[in-house]
file input22.pdb (PDB, C-alpha atoms and all ligand atoms)
ATOM      1  CA  MET A  10      66.106 400.450  38.942
ATOM      2  CA  ASN A  11      62.382 400.129  38.318
ATOM      3  CA  THR A  12      61.931 398.808  34.773
ATOM      4  CA  SER A  13      58.308 399.970  34.583
ATOM      5  CA  ILE A  14      57.141 403.566  34.686
ATOM      6  CA  VAL A  15      53.559 402.471  35.384
ATOM      7  CA  ASN A  16      52.290 399.611  37.512
ATOM      8  CA  ILE A  17      48.539 399.328  37.814
ATOM      9  CA  GLU A  18      47.152 396.625  40.068
ATOM     10  CA  ASN A  19      43.562 395.451  40.304
ATOM     11  CA  LEU A  20      42.215 398.812  39.216
ATOM     12  CA  SER A  21      38.425 399.221  39.127
ATOM     13  CA  HIS A  22      36.252 402.286  38.796
ATOM     14  CA  ARG A  23      32.540 402.779  39.158
ATOM     15  CA  TYR A  24      30.569 405.871  38.078
ATOM     16  CA  SER A  25      27.485 405.779  40.327
ATOM     17  CA  LYS A  26      26.391 402.130  39.933
ATOM     18  CA  ALA A  27      27.983 400.892  36.714
ATOM     19  CA  TRP A  28      31.580 399.698  36.630
ATOM     20  CA  ALA A  29      33.508 401.478  33.864
ATOM     21  CA  ILE A  30      36.672 399.410  34.359
ATOM     22  CA  ARG A  31      37.109 396.181  36.262
ATOM     23  CA  ASP A  32      40.219 394.632  37.821
ATOM     24  CA  ILE A  33      42.774 396.053  35.413
ATOM     25  CA  ASN A  34      46.436 395.104  35.696
ATOM     26  CA  LEU A  35      48.849 397.025  33.541
ATOM     27  CA  GLU A  36      52.569 397.593  33.305
ATOM     28  CA  ILE A  37      54.234 400.132  31.025
ATOM     29  CA  ARG A  38      57.943 400.268  30.227
ATOM     30  CA  GLN A  39      60.206 403.244  30.944
ATOM     31  CA  LYS A  40      60.692 404.043  27.243
ATOM     32  CA  GLY A  41      58.831 403.697  23.972
ATOM     33  CA  VAL A  42      55.308 404.222  22.718
ATOM     34  CA  THR A  43      52.417 402.163  24.024
ATOM     35  CA  GLY A  44      49.088 402.255  22.227
ATOM     36  CA  PHE A  45      45.966 401.982  24.343
ATOM     37  CA  LEU A  46      43.357 400.509  22.075
ATOM     38  CA  GLY A  47      39.647 400.000  22.626
ATOM     39  CA  SER A  48      36.229 400.723  21.156
ATOM     40  CA  ASN A  49      34.203 403.778  22.150
ATOM     41  CA  GLY A  50      33.208 403.499  25.789
ATOM     42  CA  ALA A  51      35.700 400.669  26.472
ATOM     43  CA  GLY A  52      37.232 402.492  29.441
ATOM     44  CA  LYS A  53      40.343 404.157  27.959
ATOM     45  CA  SER A  54      39.679 407.686  29.241
ATOM     46  CA  THR A  55      38.641 406.430  32.662
ATOM     47  CA  THR A  56      41.905 404.477  32.996
ATOM     48  CA  MET A  57      43.986 407.404  31.706
ATOM     49  CA  ASN A  58      42.272 409.918  33.970
ATOM     50  CA  ILE A  59      42.999 407.707  36.984
ATOM     51  CA  LEU A  60      46.561 407.130  35.794
ATOM     52  CA  CYS A  61      47.131 410.881  35.621
ATOM     53  CA  GLY A  62      45.562 411.588  39.012
ATOM     54  CA  VAL A  63      42.568 413.461  37.557
ATOM     55  CA  LEU A  64      40.072 410.865  38.817
ATOM     56  CA  ASN A  65      40.210 408.869  42.051
ATOM     57  CA  GLN A  66      39.765 405.147  41.502
ATOM     58  CA  THR A  67      37.156 403.124  43.370
ATOM     59  CA  GLU A  68      39.585 400.243  43.932
ATOM     60  CA  GLY A  69      43.160 399.276  43.143
ATOM     61  CA  GLU A  70      46.605 400.810  43.061
ATOM     62  CA  VAL A  71      48.534 402.983  40.619
ATOM     63  CA  LEU A  72      52.310 403.331  40.938
ATOM     64  CA  ILE A  73      54.166 405.871  38.805
ATOM     65  CA  ASP A  74      57.893 405.151  38.767
ATOM     66  CA  GLY A  75      57.352 403.220  41.989
ATOM     67  CA  ILE A  76      55.455 406.097  43.690
ATOM     68  CA  ASP A  77      51.893 405.459  44.881
ATOM     69  CA  LEU A  78      49.744 408.041  43.074
ATOM     70  CA  ARG A  79      47.095 408.060  45.782
ATOM     71  CA  LYS A  80      49.501 408.376  48.722
ATOM     72  CA  GLN A  81      52.028 410.791  47.177
ATOM     73  CA  PRO A  82      50.109 412.575  44.395
ATOM     74  CA  LEU A  83      52.438 415.571  44.068
ATOM     75  CA  GLU A  84      55.565 413.430  43.774
ATOM     76  CA  ALA A  85      53.918 410.995  41.341
ATOM     77  CA  LYS A  86      52.407 413.739  39.171
ATOM     78  CA  LYS A  87      55.833 415.352  38.639
ATOM     79  CA  GLN A  88      56.579 412.345  36.441
ATOM     80  CA  ILE A  89      53.401 412.663  34.360
ATOM     81  CA  GLY A  90      52.477 414.894  31.425
ATOM     82  CA  PHE A  91      48.870 414.627  30.291
ATOM     83  CA  LEU A  92      46.962 415.719  27.222
ATOM     84  CA  PRO A  93      43.296 414.891  27.904
ATOM     85  CA  GLN A  94      40.784 414.192  25.148
ATOM     86  CA  ASN A  95      39.801 417.858  24.936
ATOM     87  CA  ALA A  96      43.116 419.699  25.044
ATOM     88  CA  PRO A  97      43.025 422.192  27.952
ATOM     89  CA  LEU A  98      44.113 425.143  25.803
ATOM     90  CA  TYR A  99      43.368 428.804  26.528
ATOM     91  CA  LEU A 100      42.460 429.994  23.065
ATOM     92  CA  ASP A 101      42.854 433.718  23.828
ATOM     93  CA  LEU A 102      46.456 433.319  24.995
ATOM     94  CA  THR A 103      49.466 433.223  22.733
ATOM     95  CA  VAL A 104      51.534 430.019  22.633
ATOM     96  CA  ASP A 105      54.174 431.652  24.863
ATOM     97  CA  GLU A 106      51.630 432.990  27.367
ATOM     98  CA  TYR A 107      49.959 429.610  27.613
ATOM     99  CA  LEU A 108      53.170 427.611  28.000
ATOM    100  CA  ARG A 109      54.463 430.080  30.621
ATOM    101  CA  HIS A 110      51.243 429.538  32.572
ATOM    102  CA  CYS A 111      51.681 425.751  32.286
ATOM    103  CA  ALA A 112      55.297 426.029  33.451
ATOM    104  CA  TYR A 113      54.142 427.917  36.586
ATOM    105  CA  MET A 114      51.481 425.307  37.224
ATOM    106  CA  ARG A 115      54.162 422.641  36.950
ATOM    107  CA  LEU A 116      56.245 424.482  39.567
ATOM    108  CA  ILE A 117      59.211 424.930  37.246
ATOM    109  CA  PRO A 118      61.597 427.414  38.962
ATOM    110  CA  ASP A 119      61.373 430.966  37.497
ATOM    111  CA  ASN A 120      64.953 430.957  36.211
ATOM    112  CA  LYS A 121      64.321 427.726  34.244
ATOM    113  CA  ILE A 122      60.977 428.602  32.656
ATOM    114  CA  LYS A 123      62.331 430.292  29.520
ATOM    115  CA  ALA A 124      64.608 427.366  28.653
ATOM    116  CA  ALA A 125      61.850 424.822  29.414
ATOM    117  CA  MET A 126      59.406 426.685  27.131
ATOM    118  CA  GLN A 127      61.947 426.919  24.341
ATOM    119  CA  GLU A 128      62.819 423.237  24.540
ATOM    120  CA  ALA A 129      59.156 422.128  24.536
ATOM    121  CA  LYS A 130      58.307 424.468  21.633
ATOM    122  CA  GLU A 131      61.246 423.273  19.558
ATOM    123  CA  ARG A 132      60.496 419.635  20.288
ATOM    124  CA  CYS A 133      56.902 420.101  19.150
ATOM    125  CA  GLY A 134      57.701 422.360  16.175
ATOM    126  CA  VAL A 135      55.765 425.397  17.383
ATOM    127  CA  ALA A 136      58.644 427.803  18.157
ATOM    128  CA  HIS A 137      57.799 429.918  15.081
ATOM    129  CA  PHE A 138      54.257 430.437  16.442
ATOM    130  CA  SER A 139      55.355 431.693  19.873
ATOM    131  CA  LYS A 140      53.461 434.983  19.589
ATOM    132  CA  ARG A 141      50.417 433.594  17.782
ATOM    133  CA  LEU A 142      47.065 433.384  19.578
ATOM    134  CA  ILE A 143      46.198 429.713  20.050
ATOM    135  CA  LYS A 144      42.743 430.254  18.530
ATOM    136  CA  ASN A 145      44.456 431.219  15.253
ATOM    137  CA  LEU A 146      46.407 427.936  14.974
ATOM    138  CA  SER A 147      45.283 424.970  12.844
ATOM    139  CA  GLY A 148      43.990 421.832  14.603
ATOM    140  CA  GLY A 149      47.330 420.055  14.166
ATOM    141  CA  TYR A 150      49.310 422.943  15.676
ATOM    142  CA  LYS A 151      46.831 423.287  18.571
ATOM    143  CA  GLN A 152      47.474 419.628  19.300
ATOM    144  CA  ARG A 153      51.236 420.241  19.154
ATOM    145  CA  VAL A 154      50.846 423.007  21.720
ATOM    146  CA  GLY A 155      48.815 420.553  23.840
ATOM    147  CA  ILE A 156      51.690 418.088  23.612
ATOM    148  CA  ALA A 157      54.216 420.851  24.411
ATOM    149  CA  GLN A 158      52.409 421.562  27.706
ATOM    150  CA  ALA A 159      52.498 417.828  28.458
ATOM    151  CA  ILE A 160      56.305 417.654  28.153
ATOM    152  CA  ILE A 161      57.336 421.091  29.468
ATOM    153  CA  HIS A 162      58.375 419.718  32.879
ATOM    154  CA  LYS A 163      60.225 416.762  31.267
ATOM    155  CA  PRO A 164      58.055 414.018  32.732
ATOM    156  CA  LYS A 165      59.068 410.378  32.454
ATOM    157  CA  LEU A 166      55.566 409.459  31.285
ATOM    158  CA  VAL A 167      53.432 411.292  28.715
ATOM    159  CA  VAL A 168      49.778 410.302  28.443
ATOM    160  CA  LEU A 169      47.832 411.421  25.369
ATOM    161  CA  ASP A 170      44.108 410.719  25.112
ATOM    162  CA  GLU A 171      43.147 410.333  21.423
ATOM    163  CA  PRO A 172      45.663 412.964  20.295
ATOM    164  CA  THR A 173      44.847 412.667  16.595
ATOM    165  CA  ASN A 174      41.083 412.884  16.953
ATOM    166  CA  GLY A 175      39.569 415.403  14.548
ATOM    167  CA  LEU A 176      42.779 416.084  12.614
ATOM    168  CA  ASP A 177      43.159 415.864   8.837
ATOM    169  CA  PRO A 178      45.403 413.109   7.358
ATOM    170  CA  ASN A 179      48.504 415.340   7.069
ATOM    171  CA  GLN A 180      48.107 416.595  10.601
ATOM    172  CA  ILE A 181      47.588 413.024  11.826
ATOM    173  CA  ALA A 182      50.865 411.933  10.197
ATOM    174  CA  GLU A 183      52.713 414.888  11.768
ATOM    175  CA  VAL A 184      51.342 414.264  15.258
ATOM    176  CA  ARG A 185      52.142 410.537  14.967
ATOM    177  CA  ASN A 186      55.758 411.347  14.075
ATOM    178  CA  LEU A 187      55.956 413.721  17.009
ATOM    179  CA  ILE A 188      54.641 410.995  19.339
ATOM    180  CA  LYS A 189      57.307 408.587  18.069
ATOM    181  CA  GLU A 190      60.045 411.187  18.622
ATOM    182  CA  ILE A 191      58.846 411.934  22.132
ATOM    183  CA  GLY A 192      58.820 408.201  22.905
ATOM    184  CA  GLU A 193      62.523 407.931  22.089
ATOM    185  CA  ASP A 194      63.633 409.181  25.492
ATOM    186  CA  ARG A 195      60.584 408.577  27.701
ATOM    187  CA  SER A 196      57.426 406.510  27.884
ATOM    188  CA  VAL A 197      54.354 407.595  25.935
ATOM    189  CA  LEU A 198      50.911 406.078  26.362
ATOM    190  CA  PHE A 199      48.362 407.165  23.811
ATOM    191  CA  SER A 200      44.828 406.021  23.242
ATOM    192  CA  SER A 201      43.065 405.455  19.975
ATOM    193  CA  HIS A 202      40.295 403.392  18.524
ATOM    194  CA  ILE A 203      42.062 403.386  15.147
ATOM    195  CA  LEU A 204      43.973 400.160  14.676
ATOM    196  CA  ALA A 205      46.209 401.277  11.839
ATOM    197  CA  GLU A 206      47.290 404.292  13.866
ATOM    198  CA  VAL A 207      48.341 402.208  16.833
ATOM    199  CA  GLN A 208      50.131 399.752  14.569
ATOM    200  CA  ALA A 209      52.013 402.549  12.792
ATOM    201  CA  THR A 210      53.085 404.403  15.926
ATOM    202  CA  CYS A 211      53.598 401.931  18.780
ATOM    203  CA  ASP A 212      55.982 399.264  19.999
ATOM    204  CA  THR A 213      53.495 397.807  22.435
ATOM    205  CA  ILE A 214      49.718 397.487  22.475
ATOM    206  CA  LYS A 215      47.346 397.306  25.432
ATOM    207  CA  MET A 216      43.733 396.725  24.575
ATOM    208  CA  ILE A 217      40.711 397.248  26.777
ATOM    209  CA  GLU A 218      37.130 396.224  26.024
ATOM    210  CA  HIS A 219      34.043 396.559  28.235
ATOM    211  CA  GLY A 220      36.299 397.765  31.032
ATOM    212  CA  GLU A 221      38.607 394.725  30.998
ATOM    213  CA  MET A 222      42.087 394.205  29.579
ATOM    214  CA  VAL A 223      41.888 391.829  26.643
ATOM    215  CA  PHE A 224      45.386 392.118  25.188
ATOM    216  CA  SER A 225      48.893 393.159  26.175
ATOM    217  CA  GLY A 226      51.889 392.526  23.969
ATOM    218  CA  THR A 227      53.984 393.738  21.063
ATOM    219  CA  VAL A 228      52.544 394.871  17.735
ATOM    220  CA  ASP A 229      53.818 391.583  16.244
ATOM    221  CA  ASP A 230      52.080 389.564  18.972
ATOM    222  CA  PHE A 231      48.917 391.469  18.136
ATOM    223  CA  ASN A 232      49.223 390.872  14.399
ATOM    224  CA  ASN A 233      49.815 387.159  15.015
ATOM    225  CA  TYR A 234      47.043 386.840  17.575
ATOM    226  CA  ILE A 235      44.981 384.648  15.299
ATOM    227  CA  ALA A 236      47.141 381.902  13.838
ATOM    228  CA  PRO A 237      46.861 381.713  10.039
ATOM    229  CA  SER A 238      44.569 379.021   8.729
ATOM    230  CA  SER A 239      45.213 379.282   5.002
ATOM    231  CA  MET A 240      48.076 379.815   2.574
ATOM    232  CA  LEU A 241      48.498 380.822  -1.035
ATOM    233  CA  LEU A 242      50.810 378.638  -3.096
ATOM    234  CA  PHE A 243      52.323 379.532  -6.466
ATOM    235  CA  LEU A 244      53.370 376.250  -8.086
ATOM    236  CA  GLU A 245      54.824 375.903 -11.578
ATOM    237  CA  ASN A 246      53.508 372.341 -11.769
ATOM    238  CA  LEU A 247      50.136 372.489 -10.090
ATOM    239  CA  PRO A 248      49.205 368.970  -8.848
ATOM    240  CA  PRO A 249      45.620 367.628  -8.882
ATOM    241  CA  LEU A 250      43.656 368.973  -5.899
ATOM    242  CA  THR A 251      43.162 365.426  -4.585
ATOM    243  CA  GLU A 252      46.918 365.269  -4.004
ATOM    244  CA  LEU A 253      46.856 368.484  -1.947
ATOM    245  CA  LEU A 254      43.791 367.360  -0.022
ATOM    246  CA  ALA A 255      45.506 364.093   0.902
ATOM    247  CA  ILE A 256      48.177 365.982   2.903
ATOM    248  CA  GLU A 257      47.627 365.638   6.632
ATOM    249  CA  GLY A 258      46.031 368.793   8.115
ATOM    250  CA  VAL A 259      44.767 370.194   4.792
ATOM    251  CA  THR A 260      41.016 370.785   4.924
ATOM    252  CA  GLN A 261      40.361 372.581   1.613
ATOM    253  CA  ALA A 262      42.113 373.420  -1.638
ATOM    254  CA  LYS A 263      40.887 375.838  -4.279
ATOM    255  CA  VAL A 264      42.498 376.726  -7.586
ATOM    256  CA  LEU A 265      42.662 380.528  -8.046
ATOM    257  CA  GLY A 266      44.636 380.712 -11.289
ATOM    258  CA  ARG A 267      46.896 378.686 -13.569
ATOM    259  CA  ASN A 268      49.637 378.371 -10.933
ATOM    260  CA  LYS A 269      47.882 379.627  -7.864
ATOM    261  CA  VAL A 270      46.020 377.649  -5.221
ATOM    262  CA  ARG A 271      44.611 378.490  -1.791
ATOM    263  CA  VAL A 272      45.066 375.746   0.766
ATOM    264  CA  SER A 273      43.183 375.856   4.074
ATOM    265  CA  PHE A 274      44.415 373.832   6.997
ATOM    266  CA  ASP A 275      43.562 373.037  10.578
ATOM    267  CA  THR A 276      46.004 373.481  13.428
ATOM    268  CA  ALA A 277      48.547 371.040  11.983
ATOM    269  CA  PRO A 278      52.034 372.038  13.237
ATOM    270  CA  ALA A 279      54.686 373.278  10.800
ATOM    271  CA  ILE A 280      52.326 372.944   7.834
ATOM    272  CA  ALA A 281      54.275 375.478   5.748
ATOM    273  CA  GLU A 282      57.564 373.561   6.167
ATOM    274  CA  LYS A 283      55.756 370.313   5.330
ATOM    275  CA  MET A 284      54.280 371.864   2.181
ATOM    276  CA  ILE A 285      57.738 373.046   1.007
ATOM    277  CA  GLU A 286      59.231 369.594   1.632
ATOM    278  CA  ILE A 287      56.455 367.758  -0.231
ATOM    279  CA  SER A 288      56.566 370.173  -3.148
ATOM    280  CA  VAL A 289      60.331 369.569  -3.558
ATOM    281  CA  GLN A 290      59.868 365.790  -3.293
ATOM    282  CA  ARG A 291      57.096 365.770  -5.900
ATOM    283  CA  GLY A 292      58.574 368.317  -8.293
ATOM    284  CA  TRP A 293      55.772 370.875  -8.019
ATOM    285  CA  ARG A 294      58.345 373.687  -8.347
ATOM    286  CA  LEU A 295      57.090 375.950  -5.570
ATOM    287  CA  GLN A 296      57.650 379.618  -6.468
ATOM    288  CA  GLU A 297      55.998 381.292  -3.522
ATOM    289  CA  LEU A 298      54.200 380.422  -0.289
ATOM    290  CA  HIS A 299      52.210 383.084   1.492
ATOM    291  CA  LEU A 300      50.520 382.476   4.856
ATOM    292  CA  GLU A 301      47.283 384.435   4.974
ATOM    293  CA  ARG A 302      47.072 386.304   8.263
ATOM    294  CA  SER A 303      43.962 387.809   9.749
ATOM    295  CA  SER A 304      43.407 391.479   9.116
ATOM    296  CA  LEU A 305      43.819 393.830  12.056
ATOM    297  CA  GLU A 306      40.076 394.431  11.982
ATOM    298  CA  GLU A 307      39.409 390.694  12.385
ATOM    299  CA  ILE A 308      41.779 390.542  15.364
ATOM    300  CA  PHE A 309      40.158 393.632  16.864
ATOM    301  CA  ALA A 310      36.705 392.098  16.450
ATOM    302  CA  LYS A 311      37.849 388.818  17.978
ATOM    303  CA  LEU A 312      39.407 390.571  20.988
ATOM    304  CA  SER A 313      36.382 392.845  21.347
ATOM    305  CA  ASN A 314      34.125 389.818  21.569
ATOM    306  CA  LYS A 315      36.407 387.937  23.942
ATOM    307  CA  ILE A 316      34.586 389.020  27.063
ATOM    308  CA  LYS A 317      31.082 389.658  25.771
TER     309      LYS A 317
HETATM  310  N1  LIG B 401      31.401 410.817  34.132
HETATM  311  C1  LIG B 401      30.812 409.672  33.857
HETATM  312  N2  LIG B 401      29.673 409.302  34.472
HETATM  313  C2  LIG B 401      29.058 408.117  34.203
HETATM  314  N3  LIG B 401      29.542 407.214  33.317
HETATM  315  C3  LIG B 401      30.675 407.541  32.664
HETATM  316  C4  LIG B 401      31.370 408.774  32.874
HETATM  317  N4  LIG B 401      32.464 408.800  32.083
HETATM  318  C5  LIG B 401      32.461 407.638  31.395
HETATM  319  N5  LIG B 401      31.394 406.898  31.734
HETATM  320  C6  LIG B 401      31.071 405.541  31.208
HETATM  321  O1  LIG B 401      32.158 404.688  31.510
HETATM  322  C7  LIG B 401      32.436 403.806  30.415
HETATM  323  C8  LIG B 401      33.865 403.999  29.950
HETATM  324  O2  LIG B 401      33.974 405.309  29.366
HETATM  325  P1  LIG B 401      35.363 405.921  28.878
HETATM  326  O3  LIG B 401      35.108 407.353  28.518
HETATM  327  O4  LIG B 401      36.405 405.622  29.871
HETATM  328  O5  LIG B 401      35.620 405.046  27.562
HETATM  329  P2  LIG B 401      36.594 405.350  26.330
HETATM  330  O6  LIG B 401      37.203 404.030  25.973
HETATM  331  O7  LIG B 401      37.532 406.451  26.657
HETATM  332  O8  LIG B 401      35.595 405.788  25.189
HETATM  333  P3  LIG B 401      35.800 406.879  23.994
HETATM  334  O9  LIG B 401      36.737 406.269  23.011
HETATM  335  O10 LIG B 401      34.400 407.002  23.463
HETATM  336  O11 LIG B 401      36.316 408.123  24.630
HETATM  337  C9  LIG B 401      31.399 404.132  29.351
HETATM  338  O12 LIG B 401      30.335 403.222  29.511
HETATM  339  C10 LIG B 401      30.964 405.541  29.695
HETATM  340  O13 LIG B 401      29.621 405.763  29.301
END

call {"tool": "encode", "arguments": {"input": "input22.pdb", "output": "structure tokens", "more": "lines below"}}
Ligand SMILES: Nc1ncnc2c1ncn2[C@@H]1O[C@H](COP(=O)(O)OP(=O)(O)OP(=O)(O)O)[C@@H](O)[C@H]1O
result
Amino acid sequence: MNTSIVNIENLSHRYSKAWAIRDINLEIRQKGVTGFLGSNGAGKSTTMNILCGVLNQTEGEVLIDGIDLRKQPLEAKKQIGFLPQNAPLYLDLTVDEYLRHCAYMRLIPDNKIKAAMQEAKERCGVAHFSKRLIKNLSGGYKQRVGIAQAIIHKPKLVVLDEPTNGLDPNQIAEVRNLIKEIGEDRSVLFSSHILAEVQATCDTIKMIEHGEMVFSGTVDDFNNYIAPSSMLLFLENLPPLTELLAIEGVTQAKVLGRNKVRVSFDTAPAIAEKMIEISVQRGWRLQELHLERSSLEEIFAKLSNKIK
């Protein structure tokens, strides 16, 4: 069995002269939610449009569930549901009329359309708006209908391009939950330039900047991308700073309160364990040790600059 739903190899795309993406390699697992992160203009939409067969790449290969998208587009596209950046909704249709149209477009057999519509509507929480004109739905519900059309044919891969863009905070939370639910039994790839959103919704992160992949890994890998270089210590018996500074690897020490000190260190291995050991030996009575990690924004900035 193929363990990846998507395999992208050496993918590049050029609009007229400028390359929008360059030599991208990407693998996405069969299940779970993958966040596709990148600044504005990084190349997310270009990659997603190629991945969904909406745009023909200049170079490289895209396999969906092992099927070459270029050579067998109809077969490959059966496995893909796509919600582009501007949801392709027909505002003058009702939810039912629109989803029926999408089901026809997806070549769902006539006798299965009703059940497919019902299942997609229930999954996306829009069944009670079946007869409502799409133009009369709130932004969040329009987006739900957009997601319903992306899953109506039960694809193995659902691709959502900035699905929470323009929604209010409540609607964002609802759409994020829906994305997580959908990712329970298939693979979802969704793009965003909001770090916290990707962190809250995804298992895996892929990040693109200036058309090149700069990161691929778990959310934890991402959060730990920059190794900590300082720690906060809460010590009942705070020693003189000279004693802290004499520890191998410690570069700075600053008292922040009666029992609190910030210690900066270089890349000394196992510095936290060493600090605990020394504090026991010397009776400093360590109450708490907190490694200070980089904020997501710092990691984002570092990755963004990686290829500048
Ligand atoms: N149709 C087009 N013609 C020419 N250049 C384009 C076209 N579409 C995108 N580009 C350029 O390709 C690069 C990548 O754009 P893309 O839309 O893929 O980025 P993005 O990461 O999706 O950005 P955003 O978050 O702003 O949607 C940008 O420099 C953009 O200006």

call {"tool": "resolve_selection", "arguments": {"input": "input22.pdb", "expression": "the PyMOL selection byres (((chain A and resi 131-148) around 7) and not hetatm)", "output": "number ranges by chain"}}
result
A: 100-105, 127-130, 149-154, 157, 176, 187

call {"tool": "resolve_selection", "arguments": {"input": "input22.pdb", "expression": "the PyMOL selection byres (((not hetatm)) within 7 of (chain B and resi 401))", "output": "PyMOL selection string"}}
result
chain A and resi 24-25+29-30+47-56+202+220

call {"tool": "resolve_selection", "arguments": {"input": "input22.pdb", "expression": "the PyMOL selection byres (((chain A and resi 19) around 7) and not hetatm)", "output": "NGL selection string"}}
result
:A and (17-18 or 20-21 or 32-34 or 69-70)

call {"tool": "residues_around", "arguments": {"input": "input22.pdb", "residues": "Tyr234 in chain A", "least_positions_apart": "3", "cutoff": "7 Å", "atoms": "all atoms listed in the file", "output": "PyMOL selection string"}}
result
chain A and resi 230-231+308

call {"tool": "residues_around", "arguments": {"input": "input22.pdb", "residues": "Cys61 in chain A", "least_positions_apart": "4", "cutoff": "9 Å", "atoms": "all atoms listed in the file", "output": "NGL selection string"}}
result
:A and (56-57 or 78 or 85-86 or 89-91 or 168)

call {"tool": "closest_residue", "arguments": {"input": "input22.pdb", "among": "A:Glu193, A:Glu183, A:Asp77, A:Glu171", "to": "Gly41 in chain A", "atoms": "only C-alpha atoms"}}
result
A:Glu193

call {"tool": "residues_around", "arguments": {"input": "input22.pdb", "residues": "Pro172 in chain A", "least_positions_apart": "5", "cutoff": "8 Å", "atoms": "all atoms listed in the file", "output": "count of residues only"}}
result
7

call {"tool": "atom_distance", "arguments": {"input": "input22.pdb", "atom1": "CA of Ala124 in chain A", "atom2": "CA of Val15 in chain A"}}
result
28.1 Å

call {"tool": "axis_aligned_box", "arguments": {"input": "input22.pdb", "around": "range 179-183 of chain A", "padding_each_side": "3 Å", "output": "JSON"}}
result
{"center_x": 50.2, "center_y": 414.3, "center_z": 9.4, "size_x": 11.1, "size_y": 10.7, "size_z": 10.8}

call {"tool": "closest_residue", "arguments": {"input": "input22.pdb", "among": "A:Gln180, A:Ser303, A:Asn314, A:Ser288", "to": "Glu221 in chain A", "atoms": "only C-alpha atoms"}}
result
A:Asn314

call {"tool": "closest_residue", "arguments": {"input": "input22.pdb", "among": "A:Met222, A:Ile181, A:Leu247, A:Ile161", "to": "Ile203 in chain A", "atoms": "all atoms listed in the file"}}
result
A:Ile181

call {"tool": "residues_around", "arguments": {"input": "input22.pdb", "residues": "Val42 in chain A", "least_positions_apart": "4", "cutoff": "8 Å", "atoms": "only C-alpha atoms", "output": "number ranges by chain"}}
result
A: 188-189, 192, 196-199, 210-213

call {"tool": "write_last_selection", "arguments": {"input": "input22.pdb", "atoms": "C-alpha atoms", "output": "short mmCIF file (atom, residue, chain, number, x, y, z; two decimals), keeping the file's coordinate frame"}}
result
data_model
loop_
_atom_site.label_atom_id
_atom_site.label_comp_id
_atom_site.auth_asym_id
_atom_site.auth_seq_id
_atom_site.Cartn_x
_atom_site.Cartn_y
_atom_site.Cartn_z
CA ILE A 188 54.64 411.00 19.34
CA LYS A 189 57.31 408.59 18.07
CA GLY A 192 58.82 408.20 22.90
CA SER A 196 57.43 406.51 27.88
CA VAL A 197 54.35 407.60 25.94
CA LEU A 198 50.91 406.08 26.36
CA PHE A 199 48.36 407.16 23.81
CA THR A 210 53.08 404.40 15.93
CA CYS A 211 53.60 401.93 18.78
CA ASP A 212 55.98 399.26 20.00
CA THR A 213 53.50 397.81 22.44
#

call {"tool": "atom_distance", "arguments": {"input": "input22.pdb", "atom1": "CA of Glu297 in chain A", "atom2": "CA of Val228 in chain A"}}
result
25.5 Å

call {"tool": "closest_residue", "arguments": {"input": "input22.pdb", "among": "A:Leu244, A:Leu254, A:Phe309, A:Arg115", "to": "Arg267 in chain A", "atoms": "all atoms listed in the file"}}
result
A:Leu244

call {"tool": "residues_around", "arguments": {"input": "input22.pdb", "residues": "Leu250 in chain A", "least_positions_apart": "4", "cutoff": "12 Å", "atoms": "only C-alpha atoms", "output": "number ranges by chain"}}
result
A: 246, 254-256, 259-265, 269-272

call {"tool": "atom_distance", "arguments": {"input": "input22.pdb", "atom1": "CA of Leu46 in chain A", "atom2": "CA of Ala182 in chain A"}}
result
18.1 Å

call {"tool": "closest_residue", "arguments": {"input": "input22.pdb", "among": "A:Gly44, A:Val289, A:Leu108, A:Leu83", "to": "Gln208 in chain A", "atoms": "only C-alpha atoms"}}
result
A:Gly44

call {"tool": "decode", "arguments": {"input": "input22.pdb", "residues": "range 24-32 of chain A", "atoms": "N, CA and C atoms", "output": "mmCIF file, in the first residue's frame"}}
result
data_model
loop_
_atom_site.group_PDB
_atom_site.id
_atom_site.type_symbol
_atom_site.label_atom_id
_atom_site.label_comp_id
_atom_site.auth_asym_id
_atom_site.auth_seq_id
_atom_site.Cartn_x
_atom_site.Cartn_y
_atom_site.Cartn_z
ATOM 1 N N TYR A 24 5.662 31.538 -14.306
ATOM 2 C CA TYR A 24 4.647 32.358 -14.981
ATOM 3 C C TYR A 24 5.443 33.300 -15.871
ATOM 4 N N SER A 25 5.231 33.304 -17.143
ATOM 5 C CA SER A 25 6.076 34.016 -18.109
ATOM 6 C C SER A 25 7.554 33.778 -17.751
ATOM 7 N N LYS A 26 8.268 34.810 -17.254
ATOM 8 C CA LYS A 26 9.712 34.586 -17.048
ATOM 9 C C LYS A 26 10.079 34.153 -15.622
ATOM 10 N N ALA A 27 9.308 34.675 -14.643
ATOM 11 C CA ALA A 27 9.734 34.470 -13.251
ATOM 12 C C ALA A 27 9.280 33.102 -12.728
ATOM 13 N N TRP A 28 10.181 32.449 -12.011
ATOM 14 C CA TRP A 28 9.831 31.173 -11.383
ATOM 15 C C TRP A 28 9.024 31.465 -10.117
ATOM 16 N N ALA A 29 7.848 30.847 -10.007
ATOM 17 C CA ALA A 29 7.033 31.026 -8.798
ATOM 18 C C ALA A 29 7.404 29.976 -7.765
ATOM 19 N N ILE A 30 7.692 28.749 -8.231
ATOM 20 C CA ILE A 30 8.193 27.707 -7.324
ATOM 21 C C ILE A 30 9.356 27.012 -8.017
ATOM 22 N N ARG A 31 10.280 26.503 -7.205
ATOM 23 C CA ARG A 31 11.503 25.951 -7.775
ATOM 24 C C ARG A 31 11.875 24.649 -7.087
ATOM 25 N N ASP A 32 11.878 23.556 -7.848
ATOM 26 C CA ASP A 32 12.420 22.274 -7.405
ATOM 27 C C ASP A 32 11.847 21.799 -6.057
#
